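Heads up, model36.cif below (mmCIF, C-alpha atoms):
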```cif
data_data
loop_
_atom_site.label_atom_id
_atom_site.label_comp_id
_atom_site.auth_asym_id
_atom_site.auth_seq_id
_atom_site.Cartn_x
_atom_site.Cartn_y
_atom_site.Cartn_z
CA MET A 30 143.24 68.94 32.87
CA ALA A 31 146.38 70.93 32.06
CA ALA A 32 145.51 73.53 34.70
CA HIS A 33 144.86 70.81 37.27
CA LYS A 34 148.16 69.16 36.48
CA GLY A 35 149.94 72.48 36.84
CA LEU A 36 148.25 73.01 40.26
CA LYS A 37 149.47 69.63 41.51
CA GLN A 38 152.99 70.48 40.47
CA ALA A 39 152.73 73.80 42.34
CA ILE A 40 151.93 72.05 45.68
CA LEU A 41 155.27 71.15 47.24
CA PRO A 42 156.28 69.66 50.60
CA PRO A 43 156.89 72.33 53.30
CA GLU A 44 160.66 71.97 53.30
CA GLN A 45 160.79 72.24 49.48
CA ALA A 46 158.44 75.25 49.55
CA ILE A 47 160.60 77.04 52.15
CA HIS A 48 163.75 76.15 50.24
CA ALA A 49 162.17 77.51 47.07
CA LEU A 50 161.44 80.80 48.87
CA HIS A 51 164.86 80.93 50.54
CA PRO A 52 167.29 79.15 48.24
CA GLU A 53 170.21 80.64 50.15
CA VAL A 54 169.28 78.53 53.28
CA PRO A 55 170.66 75.02 53.20
CA LYS A 56 167.99 72.37 52.84
CA ASN A 57 169.08 70.45 55.94
CA GLU A 58 168.64 73.60 58.09
CA VAL A 59 165.15 74.09 56.75
CA ILE A 60 164.24 70.52 57.61
CA HIS A 61 165.75 70.91 61.09
CA ALA A 62 163.75 74.11 61.73
CA LEU A 63 160.53 72.49 60.60
CA ARG A 64 161.08 69.48 62.88
CA GLU A 65 161.67 71.80 65.82
CA ARG A 66 158.42 73.60 65.15
CA VAL A 67 156.58 70.29 64.90
CA LYS A 68 157.99 69.28 68.30
CA GLU A 69 156.86 72.58 69.79
CA LEU A 70 153.35 72.31 68.32
CA THR A 71 153.08 68.72 69.49
CA ALA A 72 154.02 69.75 73.02
CA LEU A 73 151.45 72.56 72.99
CA HIS A 74 148.71 70.29 71.62
CA SER A 75 149.45 67.58 74.16
CA ALA A 76 149.49 70.15 76.98
CA ILE A 77 146.09 71.43 75.85
CA CYS A 78 144.68 67.91 75.94
CA ILE A 79 146.02 67.37 79.46
CA LEU A 80 144.80 70.70 80.80
CA GLN A 81 141.29 70.15 79.45
CA ASN A 82 140.74 67.33 81.93
CA ASP A 83 139.58 68.91 85.20
CA ASN A 84 139.25 65.55 86.92
CA LEU A 85 143.01 64.96 87.20
CA PRO A 86 144.76 65.76 90.48
CA TYR A 87 147.13 68.71 90.41
CA GLN A 88 150.19 66.51 90.86
CA GLU A 89 149.30 64.26 87.95
CA VAL A 90 148.73 67.28 85.70
CA LEU A 91 152.21 68.62 86.51
CA ASP A 92 153.76 65.15 86.06
CA ARG A 93 152.24 64.81 82.59
CA VAL A 94 153.09 68.33 81.46
CA VAL A 95 156.71 68.17 82.68
CA ARG A 96 157.25 65.03 80.60
CA LEU A 97 156.32 67.04 77.49
CA VAL A 98 159.16 69.50 77.99
CA PRO A 99 162.37 67.57 77.03
CA PRO A 100 161.03 66.22 73.69
CA ALA A 101 159.99 69.73 72.69
CA TRP A 102 163.45 71.27 73.17
CA GLN A 103 166.31 71.16 70.68
CA TYR A 104 168.39 68.65 72.66
CA PRO A 105 165.93 66.34 74.47
CA GLU A 106 168.62 63.86 75.53
CA ILE A 107 170.37 66.43 77.75
CA THR A 108 167.25 68.35 78.84
CA ALA A 109 165.94 68.32 82.42
CA ALA A 110 162.86 70.19 83.60
CA ARG A 111 160.73 70.81 86.62
CA ILE A 112 157.42 72.62 87.28
CA MET A 113 156.50 74.12 90.63
CA VAL A 114 153.04 75.43 91.55
CA GLY A 115 152.52 76.27 95.19
CA ALA A 116 153.35 73.19 97.26
CA HIS A 117 153.32 70.93 94.20
CA GLU A 118 156.51 70.09 92.29
CA SER A 119 157.13 67.72 89.41
CA ARG A 120 160.53 66.80 87.84
CA THR A 121 161.72 64.85 84.86
CA ALA A 122 163.62 61.62 85.42
CA GLY A 123 167.23 62.20 86.46
CA PHE A 124 166.57 65.87 87.08
CA ARG A 125 169.41 68.06 88.19
CA ARG A 126 170.21 71.71 87.88
CA SER A 127 172.95 73.36 85.89
CA SER A 128 174.06 76.82 84.89
CA ARG A 129 172.33 76.50 81.52
CA LEU A 130 168.81 77.52 82.63
CA GLN A 131 165.71 78.81 80.88
CA ALA A 132 162.81 79.67 83.26
CA CYS A 133 159.43 81.36 83.33
CA ASP A 134 157.54 82.50 86.42
CA PHE A 135 153.77 82.93 86.53
CA ARG A 136 151.24 83.99 89.19
CA VAL A 137 147.87 82.31 89.58
CA SER A 138 146.60 84.41 92.49
CA PRO A 139 148.06 86.74 95.13
CA SER A 140 148.78 83.69 97.28
CA LEU A 141 149.69 81.15 94.58
CA SER A 142 152.59 81.35 92.07
CA GLY A 143 154.36 78.91 89.77
CA ARG A 144 157.60 78.41 87.85
CA ILE A 145 158.85 76.32 84.90
CA GLU A 146 162.58 75.55 84.72
CA VAL A 147 164.40 73.93 81.78
CA TYR A 148 168.09 72.94 82.10
CA TYR A 149 170.61 71.76 79.55
CA LEU A 150 172.90 69.36 81.36
CA LYS A 151 175.74 69.76 78.81
CA LYS A 152 177.21 72.61 76.86
CA THR A 153 175.57 73.35 73.50
CA PRO A 154 176.17 75.86 70.69
CA PRO A 155 175.00 79.41 71.47
CA GLU A 156 171.56 80.45 70.23
CA ALA A 157 169.25 83.44 70.69
CA GLU A 158 169.06 82.95 74.48
CA GLY A 159 172.28 81.33 75.55
CA PRO A 160 171.95 77.70 74.47
CA PHE A 161 168.16 78.08 73.96
CA LEU A 162 166.24 79.02 70.83
CA ALA A 163 163.97 82.04 70.66
CA GLU A 164 161.13 79.63 69.77
CA GLU A 165 161.85 77.73 73.00
CA ARG A 166 161.38 80.97 74.94
CA ASN A 167 158.01 81.36 73.25
CA LEU A 168 157.15 77.75 74.07
CA ILE A 169 158.03 77.97 77.78
CA ASN A 170 156.09 81.23 78.03
CA SER A 171 153.08 79.60 76.36
CA LEU A 172 153.25 76.58 78.71
CA ALA A 173 153.48 78.92 81.72
CA ASP A 174 150.45 80.92 80.52
CA MET A 175 148.48 77.73 79.89
CA LEU A 176 149.25 76.46 83.39
CA ARG A 177 148.27 79.83 84.87
CA VAL A 178 144.92 79.80 83.08
CA TYR A 179 144.38 76.15 84.02
CA PHE A 180 144.97 76.73 87.74
CA GLU A 181 142.93 79.91 87.71
CA ARG A 182 140.03 78.00 86.22
CA ARG A 183 140.42 75.11 88.66
CA LEU A 184 140.61 77.47 91.63
CA ALA A 185 137.62 79.44 90.37
CA SER A 186 135.68 76.21 89.86
CA LYS A 187 136.66 75.05 93.32
CA ALA A 188 135.69 78.39 94.81
CA LEU A 189 132.37 78.23 92.96
CA LEU A 190 131.83 74.65 94.09
CA ASP A 191 132.72 75.56 97.68
CA ALA A 192 130.40 78.53 97.52
CA HIS A 193 127.66 76.31 96.11
CA LYS A 194 128.21 73.73 98.83
CA ASP A 195 128.28 76.43 101.47
CA LEU A 196 125.08 77.87 100.06
CA GLU A 197 123.47 74.45 100.06
CA ARG A 198 124.63 73.92 103.62
CA ARG A 199 123.19 77.26 104.66
CA VAL A 200 119.97 76.51 102.81
CA ARG A 201 119.72 73.13 104.56
CA GLU A 202 120.43 74.71 107.93
CA ARG A 203 117.98 77.53 107.28
CA THR A 204 115.41 75.09 105.95
CA ALA A 205 115.81 72.91 109.02
CA GLU A 206 115.51 75.98 111.22
CA LEU A 207 112.43 77.16 109.35
CA GLU A 208 110.90 73.69 109.50
CA LYS A 209 111.55 73.64 113.22
CA LEU A 210 110.03 77.09 113.63
CA ASN A 211 107.15 76.10 111.38
CA ALA A 212 106.51 72.98 113.44
CA ALA A 213 106.61 75.05 116.63
CA LEU A 214 104.28 77.61 115.05
CA LYS A 215 101.87 74.90 113.94
CA ALA A 216 101.93 73.43 117.42
CA GLU A 217 101.26 76.87 118.88
CA VAL A 218 98.45 77.46 116.37
CA ARG A 219 96.91 74.09 117.26
CA GLU A 220 97.24 74.92 120.93
CA ARG A 221 95.61 78.30 120.40
CA GLU A 222 92.86 76.73 118.33
CA LEU A 223 92.19 74.26 121.11
CA ARG A 224 92.17 77.06 123.65
CA GLN A 225 89.91 79.11 121.40
CA LYS A 226 87.54 76.18 121.05
CA GLU A 227 87.54 75.74 124.80
CA ILE A 228 86.85 79.45 125.26
CA LEU A 229 84.00 79.28 122.73
CA ILE A 230 82.59 76.23 124.51
CA TYR A 231 82.84 78.00 127.86
CA GLN A 232 81.22 81.10 126.39
CA GLU A 233 78.42 79.03 124.94
CA LYS A 234 77.95 77.30 128.29
CA LEU A 235 77.93 80.66 130.05
CA ARG A 236 75.35 81.97 127.59
CA GLY A 237 73.30 78.85 128.14
CA LEU A 238 73.56 79.25 131.90
CA SER A 239 72.63 82.91 131.51
CA ALA A 240 69.57 81.94 129.48
CA ASP A 241 68.63 79.34 132.08
CA LEU A 242 69.14 81.94 134.78
CA ILE A 243 66.85 84.36 132.94
CA LEU A 244 64.12 81.73 132.67
CA THR A 245 64.59 80.67 136.29
CA GLU A 246 64.56 84.27 137.48
CA GLU A 247 61.49 85.00 135.40
CA ARG A 248 59.77 81.90 136.75
CA GLU A 249 60.51 83.00 140.31
CA ARG A 250 59.34 86.52 139.52
CA ARG A 251 56.12 85.17 138.04
CA GLU A 252 55.52 82.97 141.04
CA ILE A 253 56.04 85.94 143.36
CA ALA A 254 53.82 88.11 141.16
CA THR A 255 51.16 85.39 141.16
CA ASP A 256 51.35 85.15 144.93
CA LEU A 257 51.04 88.94 145.22
CA HIS A 258 48.04 88.90 142.94
CA ASP A 259 46.33 85.81 144.32
CA MET A 260 47.02 86.30 148.00
CA ILE A 261 47.80 89.92 148.85
CA GLY A 262 45.85 91.49 145.97
CA GLN A 263 42.73 89.43 146.54
CA THR A 264 42.99 89.91 150.30
CA LEU A 265 43.19 93.68 149.82
CA ALA A 266 40.25 93.58 147.41
CA MET A 267 38.19 91.58 149.94
CA ALA A 268 39.17 94.02 152.67
CA LYS A 269 38.01 96.92 150.48
CA MET A 270 34.67 95.20 149.90
CA LYS A 271 34.20 94.62 153.64
CA THR A 272 35.16 98.21 154.35
CA GLY A 273 32.57 99.41 151.87
CA ALA A 274 29.92 97.20 153.48
CA LEU A 275 30.78 98.48 156.96
CA ARG A 276 30.66 102.07 155.78
CA GLY A 277 27.05 101.52 154.66
CA HIS A 278 26.03 100.35 158.12
CA CYS A 279 27.83 103.11 160.06
CA PRO A 280 26.15 106.41 160.81
CA ALA A 281 27.73 109.56 159.53
CA GLY A 282 30.47 110.80 161.72
CA GLU A 283 34.00 110.03 162.73
CA ALA A 284 33.70 106.25 162.15
CA ALA A 285 32.38 106.76 158.62
CA SER A 286 35.26 109.17 157.89
CA ASP A 287 37.78 106.66 159.18
CA LEU A 288 36.28 103.95 156.99
CA THR A 289 36.52 106.27 153.99
CA ASN A 290 40.17 106.93 154.72
CA LEU A 291 40.75 103.20 155.18
CA SER A 292 39.12 102.52 151.82
CA GLY A 293 41.52 105.05 150.22
CA PHE A 294 44.51 103.35 151.81
CA LEU A 295 43.29 100.03 150.51
CA ASP A 296 42.95 101.50 146.99
CA GLU A 297 46.54 102.74 147.15
CA ALA A 298 47.73 99.33 148.39
CA ILE A 299 45.84 97.54 145.61
CA LEU A 300 47.31 99.92 143.01
CA ALA A 301 50.83 99.45 144.41
CA THR A 302 50.36 95.68 144.45
CA ARG A 303 49.26 95.70 140.82
CA SER A 304 52.21 97.90 139.86
CA LEU A 305 54.65 95.68 141.75
CA THR A 306 53.09 92.62 140.16
CA PHE A 307 53.60 94.09 136.67
CA GLN A 308 57.19 95.09 137.47
CA LEU A 309 58.04 91.63 138.76
CA ALA A 310 56.54 89.77 135.80
CA SER A 311 54.22 91.27 133.24
CA PRO A 312 51.20 89.00 133.02
CA ILE A 313 50.45 90.52 129.62
CA LEU A 314 53.70 89.04 128.27
CA TYR A 315 52.42 85.51 129.00
CA GLU A 316 48.77 86.13 128.27
CA LEU A 317 48.88 88.34 125.14
CA GLY A 318 52.48 88.18 123.91
CA LEU A 319 55.55 90.40 123.54
CA GLU A 320 54.05 93.20 121.43
CA SER A 321 51.17 93.82 123.86
CA ALA A 322 53.59 93.63 126.81
CA LEU A 323 55.89 96.24 125.25
CA GLU A 324 52.93 98.52 124.57
CA ARG A 325 51.85 98.19 128.21
CA LEU A 326 55.44 98.79 129.35
CA THR A 327 55.62 102.01 127.29
CA GLU A 328 52.35 103.22 128.81
CA ASP A 329 53.63 102.44 132.29
CA ILE A 330 56.85 104.43 131.67
CA ARG A 331 54.77 107.38 130.46
CA ALA A 332 52.47 107.21 133.49
CA ARG A 333 55.17 106.73 136.11
CA HIS A 334 57.78 109.22 134.83
CA GLY A 335 55.66 111.80 133.02
CA LEU A 336 57.61 111.76 129.71
CA LYS A 337 56.36 111.42 126.19
CA ALA A 338 56.42 107.70 125.36
CA ASP A 339 55.17 106.34 122.05
CA PHE A 340 54.69 102.73 120.94
CA ARG A 341 53.98 101.39 117.49
CA GLY A 342 53.81 97.85 116.10
CA ASP A 343 53.13 96.57 112.59
CA GLY A 344 50.43 94.12 113.71
CA LYS A 345 52.06 91.14 111.97
CA ALA A 346 52.25 87.75 113.67
CA LYS A 347 55.54 87.22 115.44
CA PRO A 348 55.79 83.73 116.93
CA LEU A 349 58.62 83.72 119.43
CA PRO A 350 60.08 81.19 121.87
CA THR A 351 59.45 82.13 125.49
CA GLU A 352 63.16 82.67 126.09
CA THR A 353 63.32 85.22 123.25
CA SER A 354 60.19 87.06 124.40
CA VAL A 355 61.45 87.31 127.98
CA MET A 356 64.92 88.45 126.88
CA ILE A 357 63.60 91.17 124.55
CA PHE A 358 61.09 92.40 127.15
CA LYS A 359 63.78 92.67 129.83
CA ALA A 360 66.18 94.36 127.40
CA VAL A 361 63.60 96.98 126.36
CA ARG A 362 62.71 97.60 129.99
CA GLU A 363 66.38 98.20 130.83
CA LEU A 364 66.80 100.52 127.84
CA LEU A 365 63.76 102.56 128.90
CA VAL A 366 65.01 102.77 132.47
CA ASN A 367 68.39 103.95 131.14
CA ALA A 368 66.66 106.60 129.04
CA VAL A 369 64.89 107.95 132.13
CA LYS A 370 67.61 107.46 134.74
CA HIS A 371 70.85 108.17 132.83
CA ALA A 372 69.96 109.90 129.56
CA LYS A 373 67.42 112.26 131.22
CA ALA A 374 65.26 111.91 128.12
CA SER A 375 61.94 113.72 127.72
CA ALA A 376 60.65 111.47 124.93
CA VAL A 377 61.09 107.83 124.00
CA SER A 378 59.66 105.67 121.22
CA VAL A 379 59.41 101.90 120.88
CA ARG A 380 58.87 100.25 117.49
CA VAL A 381 58.23 96.57 116.78
CA ARG A 382 58.11 95.08 113.28
CA ARG A 383 58.63 91.82 111.47
CA THR A 384 61.29 91.68 108.74
CA GLY A 385 61.29 88.31 107.04
CA PRO A 386 62.03 85.58 109.58
CA ARG A 387 63.19 88.07 112.23
CA ILE A 388 61.70 90.45 114.74
CA VAL A 389 63.15 93.96 114.95
CA VAL A 390 62.66 96.12 118.05
CA THR A 391 63.98 99.70 118.17
CA VAL A 392 64.15 101.99 121.20
CA ARG A 393 64.94 105.66 120.58
CA ASP A 394 65.28 108.51 123.07
CA ASN A 395 66.15 112.20 122.86
CA GLY A 396 68.45 112.13 125.88
CA ARG A 397 71.95 113.47 126.25
CA GLY A 398 73.57 110.46 124.52
CA PHE A 399 77.04 109.04 125.10
CA ASN A 400 80.03 107.48 123.37
CA ALA A 401 78.47 104.28 122.00
CA ALA A 402 81.83 102.64 121.27
CA ALA A 403 82.94 102.97 124.88
CA GLY A 404 79.54 102.28 126.39
CA SER A 405 79.03 99.00 124.52
CA VAL A 406 82.14 97.40 126.04
CA TYR A 407 81.95 96.11 129.58
CA ASP A 408 84.62 97.40 131.91
CA GLY A 409 84.54 96.57 135.56
CA LYS A 410 85.78 100.09 136.37
CA LEU A 411 83.75 102.09 133.86
CA GLY A 412 80.53 100.08 134.04
CA GLY A 413 78.41 99.29 130.97
CA PHE A 414 77.45 95.82 132.16
CA GLY A 415 73.77 96.28 131.23
CA LEU A 416 74.45 96.95 127.54
CA PHE A 417 77.13 94.25 127.47
CA SER A 418 74.68 91.79 129.02
CA ILE A 419 72.00 92.64 126.45
CA ARG A 420 74.44 92.09 123.60
CA GLU A 421 75.58 88.71 124.95
CA LYS A 422 72.03 87.47 125.59
CA VAL A 423 70.81 88.56 122.16
CA SER A 424 73.85 86.92 120.53
CA HIS A 425 73.09 83.65 122.35
CA LEU A 426 69.62 83.65 120.77
CA GLY A 427 71.10 84.12 117.28
CA GLY A 428 70.23 87.80 117.16
CA ALA A 429 72.11 91.07 117.19
CA PHE A 430 72.18 94.25 119.24
CA ARG A 431 73.21 97.54 117.64
CA LEU A 432 73.67 100.80 119.50
CA SER A 433 73.99 104.23 117.90
CA SER A 434 74.62 107.30 120.03
CA ARG A 435 76.80 110.33 120.50
CA PRO A 436 76.90 113.03 123.14
CA GLY A 437 73.96 115.44 122.76
CA ALA A 438 72.25 113.44 119.99
CA GLY A 439 70.17 110.86 121.85
CA THR A 440 70.41 107.08 121.55
CA LEU A 441 69.05 104.49 119.14
CA ALA A 442 69.09 100.82 120.14
CA VAL A 443 68.09 98.08 117.68
CA ILE A 444 67.43 94.48 118.73
CA THR A 445 66.95 91.75 116.13
CA ALA A 446 66.18 88.11 116.86
CA PRO A 447 65.01 85.13 114.82
CA LEU A 448 61.37 84.13 114.94
CA GLY A 449 60.52 80.56 115.80
CA LYS A 450 57.97 78.28 117.27
CA GLY A 451 56.07 80.05 119.99
CA LYS A 452 53.06 82.20 120.69
CA SER A 453 52.00 85.34 118.90
CA ASN A 454 49.98 88.17 120.49
CA GLY A 455 46.80 86.93 122.09
CA LYS A 456 47.99 83.36 122.84
CA LYS A 457 48.69 82.20 126.33
CA ASP A 458 52.16 81.06 127.30
CA THR A 459 52.58 78.05 129.52
CA ASP A 460 56.38 77.70 129.29
CA LEU A 461 56.89 79.37 132.66
CA ARG A 462 54.22 77.55 134.62
CA ARG A 463 54.99 76.61 138.17
CA PRO A 464 56.82 73.31 138.36
#
```

For this file, produce the structure as C-alpha cells.
Amino acid sequence: MAAHKGLKQAILPPEQAIHALHPEVPKNEVIHALRERVKELTALHSAICILQNDNLPYQEVLDRVVRLVPPAWQYPEITAARIMVGAHESRTAGFRRSSRLQACDFRVSPSLSGRIEVYYLKKTPPEAEGPFLAEERNLINSLADMLRVYFERRLASKALLDAHKDLERRVRERTAELEKLNAALKAEVRERELRQKEILIYQEKLRGLSADLILTEERERREIATDLHDMIGQTLAMAKMKTGALRGHCPAGEAASDLTNLSGFLDEAILATRSLTFQLASPILYELGLESALERLTEDIRARHGLKADFRGDGKAKPLPTETSVMIFKAVRELLVNAVKHAKASAVSVRVRRTGPRIVVTVRDNGRGFNAAAGSVYDGKLGGFGLFSIREKVSHLGGAFRLSSRPGAGTLAVITAPLGKGKSNGKKDTDLRRP
C-alpha cells in the first residue's frame, strides 16, 4: 500500500511534470506551450479524420481543412489561411493577405500542385520564423504532406476506377463483338450443315438413281441376251441341223464341201452368239448365283486372253440381294478387263469368301501397277471414273472398296458388301424378269 501511494504521488499533471524537470521555466510558459501543442495535435487529428473520407468532393475537403488552420496557430483571432490545389481554392472567412506569411508548397503530380498559406493580419512578437513558431512550420508542412498523400490516393483511385471502367467497356464491346461473330459463325455453321445435308441427300439420290440405272441396264441386257439366245441362237441351231440333214442327202462333191463350210460358219456364229449373250448378261448369275458366275467369268477371261486366271471360293452360302450380286459381278468384270487392258497382267486371281455377315471378293493381278491414291480419285482430265464408280456403288450398298497398288508391284482390289435376303449359288433369280 505504501508503494502504491508513493506511485500515485509520483504521477503529476503534464505542466507540473515539465515544471519539475525545468524549474527555471515559468509555469505559465509551460502551460502555454502545452496548449499550443494540443491545438496542433487536434488540428492534425481532425485533418486525418477529414482526409479518410474519400466520398467528399475536393472542394469540401479543402473547405474543412482550411477551417482547422486558424485555431491551430498561436493567434487564431488574427489568422487567415487559404489552400489551393489545382483549380480548387478554399479560404477562411474574411481572408486577406499581408506581409506576415507562412506558406508551404507541395506537388501531387507533374501536372497538379498545391499550396497552403497562413497570414497574420496584425503584428506579433518575433518567433523562430518571423511571427510564426517553429512548431507551426512543422504543422503546416505536415498538413501539406497529408494533402499531397490524400490527393495522390484520390487520383490513383480515380485512375484505377477509370481504368477499370475502360476495361469493362472494352470487355463489353469485345464481348458484344464476339457474340456478334459467334452468332454469325453459328448461322454460317447452320447454313453449311443444311447445305451438307442437302449434298448428302443429293448424293444418296444419285446413288439410288445409279443403282436403279444398274438394274435397268442389267434388265435390258438380259432381255437382249434372252432375245439373242431364244431367237438368233435357236435360229442358228436350227439352221445347223438343216444343213447337217442336207449334207446327208447330197452326193460328195462341191455341194457337200459348201455345206460343210456353211456348217462351220454356223458353228462360229453360234459360238459368237453364246459369247455375246454371256457378255451382255451372264445367265449363270441369275441361274446359279454370284460365285458360279465369277468362276465362269474367270474361265472366260483365261480362254479369251490366254493369261493365267485362277478362281477360288470357300463354298459357304452367301445370300445376296440381286442389286448386290449384279454390282459385284460388274465390278469384278471391270477389274479383270483393267488387268488385261491397262495393267498388261499375265496372271489374275479371284477369291470369294464369307466373313461373318459380309461377302469379301478380292481381285489380284501381277500387272505393272499404278499410284493407287491418284487412281482412286475421279478426275475428268486424268480419268479413273471406273474405280470411282465402283467405290460409289459399293458404298451405296453399305460396303467398301479398297485398292492397293504401286508401280511395278501389281494391284489388289478388295470388295466387301453386307449379305442379306437373296439367293445363294444354285437358286434361280427372278428379280430381273421381264416386266

Can you pull out every residue within 10 Å of Thr71 (chain A), counting only C-alpha atoms, but drop anything in the same chain fewer than 6 positions away, and send it as a list of chain:residue names?
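Contacts, in chain order: A:Glu65, A:Ile77, A:Leu97, A:Pro100, A:Ala101.
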
Report, in Å to a single decimal, how far apart CA of Pro105 (chain A) and CA of Pro160 (chain A) are.
12.9 Å

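Those DNA, RNA and protein residues that approach the point (146.2, 80.6, 87.1) to within 9 Å, considering all atoms listed in the file, are A:Phe135, A:Arg136, A:Val137, A:Ser138, A:Leu141, A:Ser142, A:Gly143, A:Asp174, A:Met175, A:Leu176, A:Arg177, A:Val178, A:Tyr179, A:Phe180, A:Glu181, A:Arg182, A:Arg183, A:Leu184.
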
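Here CA of Ile107 (chain A) and CA of Arg126 (chain A) stand 11.4 Å from one another.
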
Answer as a PyMOL selection string, residues within 12 Å of (79.4, 81.7, 125.0) using all atoms listed in the file
chain A and resi 225-240+418+420-427

Nearest residue to Ile330 (chain A) out of A:Ala205, A:Leu162, A:Leu365, A:Ala442, using all atoms listed in the file?
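Between A:Ala205, A:Leu162, A:Leu365, A:Ala442, the residue approaching Ile330 (chain A) most closely is A:Leu365.
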
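Minimum atom-to-atom distances from A:Leu326, A:Leu265, A:Ala122, A:Val67 to Ala109 (chain A) were compared using only C-alpha atoms, and the lowest value belongs to A:Ala122.
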
So which residues get picked by the PyMOL selection byres ((chain A and resi 340) around 9) here, written as JSON, numbers by chain?
{"A": [323, 324, 327, 328, 338, 339, 341, 342, 377, 378, 379, 380, 381]}

What separates CA of Arg66 (chain A) and CA of Arg125 (chain A) is a distance of 26.1 Å

Expand the PyMOL selection byres ((chain A and resi 87) around 12) into the individual residues it matches in the shown file, reporting them as a compact mmCIF listing (two decimals) with C-alpha atoms, in the frame of the given file.
```
# COMPACT_ATOMS: atom_id res chain seq x y z
CA ILE A 79 146.02 67.37 79.46
CA LEU A 80 144.80 70.70 80.80
CA ASN A 82 140.74 67.33 81.93
CA ASP A 83 139.58 68.91 85.20
CA ASN A 84 139.25 65.55 86.92
CA LEU A 85 143.01 64.96 87.20
CA PRO A 86 144.76 65.76 90.48
CA GLN A 88 150.19 66.51 90.86
CA GLU A 89 149.30 64.26 87.95
CA VAL A 90 148.73 67.28 85.70
CA LEU A 91 152.21 68.62 86.51
CA ASP A 92 153.76 65.15 86.06
CA ARG A 93 152.24 64.81 82.59
CA VAL A 94 153.09 68.33 81.46
CA ILE A 112 157.42 72.62 87.28
CA MET A 113 156.50 74.12 90.63
CA VAL A 114 153.04 75.43 91.55
CA GLY A 115 152.52 76.27 95.19
CA ALA A 116 153.35 73.19 97.26
CA HIS A 117 153.32 70.93 94.20
CA GLU A 118 156.51 70.09 92.29
CA SER A 119 157.13 67.72 89.41
CA LEU A 176 149.25 76.46 83.39
CA TYR A 179 144.38 76.15 84.02
CA PHE A 180 144.97 76.73 87.74
CA ARG A 183 140.42 75.11 88.66
CA LEU A 184 140.61 77.47 91.63
```

So, with only C-alpha atoms as the atoms that count, which of A:Leu448, A:Leu291, A:Arg96, A:Gly398 lies closest to Pro350 (chain A)?
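Checking each candidate against Pro350 (chain A), we get A:Leu448 as the closest.
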
So that all listed atoms of region 81-98 of chain A fit with 5 Å spare on each side, what axis-aligned box centre and edge lengths in Å, to one decimal, would you give as JSON?
```
{"center_x": 149.2, "center_y": 67.2, "center_z": 84.2, "size_x": 29.9, "size_y": 15.9, "size_z": 23.4}
```

Nearest to Phe417 (chain A) among A:Ser292, A:Leu210, A:Glu363, A:Val389, with distances taken over all atoms listed in the file: which residue is it?
A:Glu363

Selection result for the PyMOL selection byres ((chain A and resi 360) around 10) on this file, as a VMD selection string
chain A and resid 354 to 359 361 to 366 415 to 416 418 to 420 422 to 423 444

Restricted to N, CA and C atoms, what does region 431-442 of chain A look like when written out as an mmCIF file, in the first residue's frame?
```cif
data_model
loop_
_atom_site.group_PDB
_atom_site.id
_atom_site.type_symbol
_atom_site.label_atom_id
_atom_site.label_comp_id
_atom_site.auth_asym_id
_atom_site.auth_seq_id
_atom_site.Cartn_x
_atom_site.Cartn_y
_atom_site.Cartn_z
ATOM 1 N N ARG A 431 -11.528 -51.284 -101.414
ATOM 2 C CA ARG A 431 -10.159 -50.920 -101.056
ATOM 3 C C ARG A 431 -9.224 -51.322 -102.181
ATOM 4 N N LEU A 432 -8.331 -50.428 -102.527
ATOM 5 C CA LEU A 432 -7.405 -50.652 -103.632
ATOM 6 C C LEU A 432 -5.982 -50.490 -103.124
ATOM 7 N N SER A 433 -5.137 -51.471 -103.443
ATOM 8 C CA SER A 433 -3.740 -51.415 -103.032
ATOM 9 C C SER A 433 -2.872 -51.697 -104.256
ATOM 10 N N SER A 434 -2.019 -50.707 -104.592
ATOM 11 C CA SER A 434 -1.175 -50.876 -105.772
ATOM 12 C C SER A 434 -0.044 -49.872 -105.727
ATOM 13 N N ARG A 435 1.028 -50.216 -106.425
ATOM 14 C CA ARG A 435 2.114 -49.282 -106.649
ATOM 15 C C ARG A 435 2.826 -49.692 -107.933
ATOM 16 N N PRO A 436 3.453 -48.745 -108.583
ATOM 17 C CA PRO A 436 4.078 -49.059 -109.870
ATOM 18 C C PRO A 436 5.033 -50.242 -109.779
ATOM 19 N N GLY A 437 4.814 -51.233 -110.680
ATOM 20 C CA GLY A 437 5.682 -52.405 -110.747
ATOM 21 C C GLY A 437 5.354 -53.494 -109.766
ATOM 22 N N ALA A 438 4.309 -53.337 -108.949
ATOM 23 C CA ALA A 438 4.013 -54.328 -107.901
ATOM 24 C C ALA A 438 2.619 -54.919 -108.026
ATOM 25 N N GLY A 439 1.959 -54.768 -109.163
ATOM 26 C CA GLY A 439 0.633 -55.339 -109.322
ATOM 27 C C GLY A 439 -0.430 -54.567 -108.561
ATOM 28 N N THR A 440 -1.647 -55.134 -108.559
ATOM 29 C CA THR A 440 -2.791 -54.458 -107.942
ATOM 30 C C THR A 440 -3.632 -55.460 -107.172
ATOM 31 N N LEU A 441 -4.090 -55.046 -106.002
ATOM 32 C CA LEU A 441 -5.016 -55.843 -105.201
ATOM 33 C C LEU A 441 -6.253 -55.001 -104.943
ATOM 34 N N ALA A 442 -7.415 -55.520 -105.346
ATOM 35 C CA ALA A 442 -8.691 -54.844 -105.107
ATOM 36 C C ALA A 442 -9.537 -55.732 -104.208
#
```
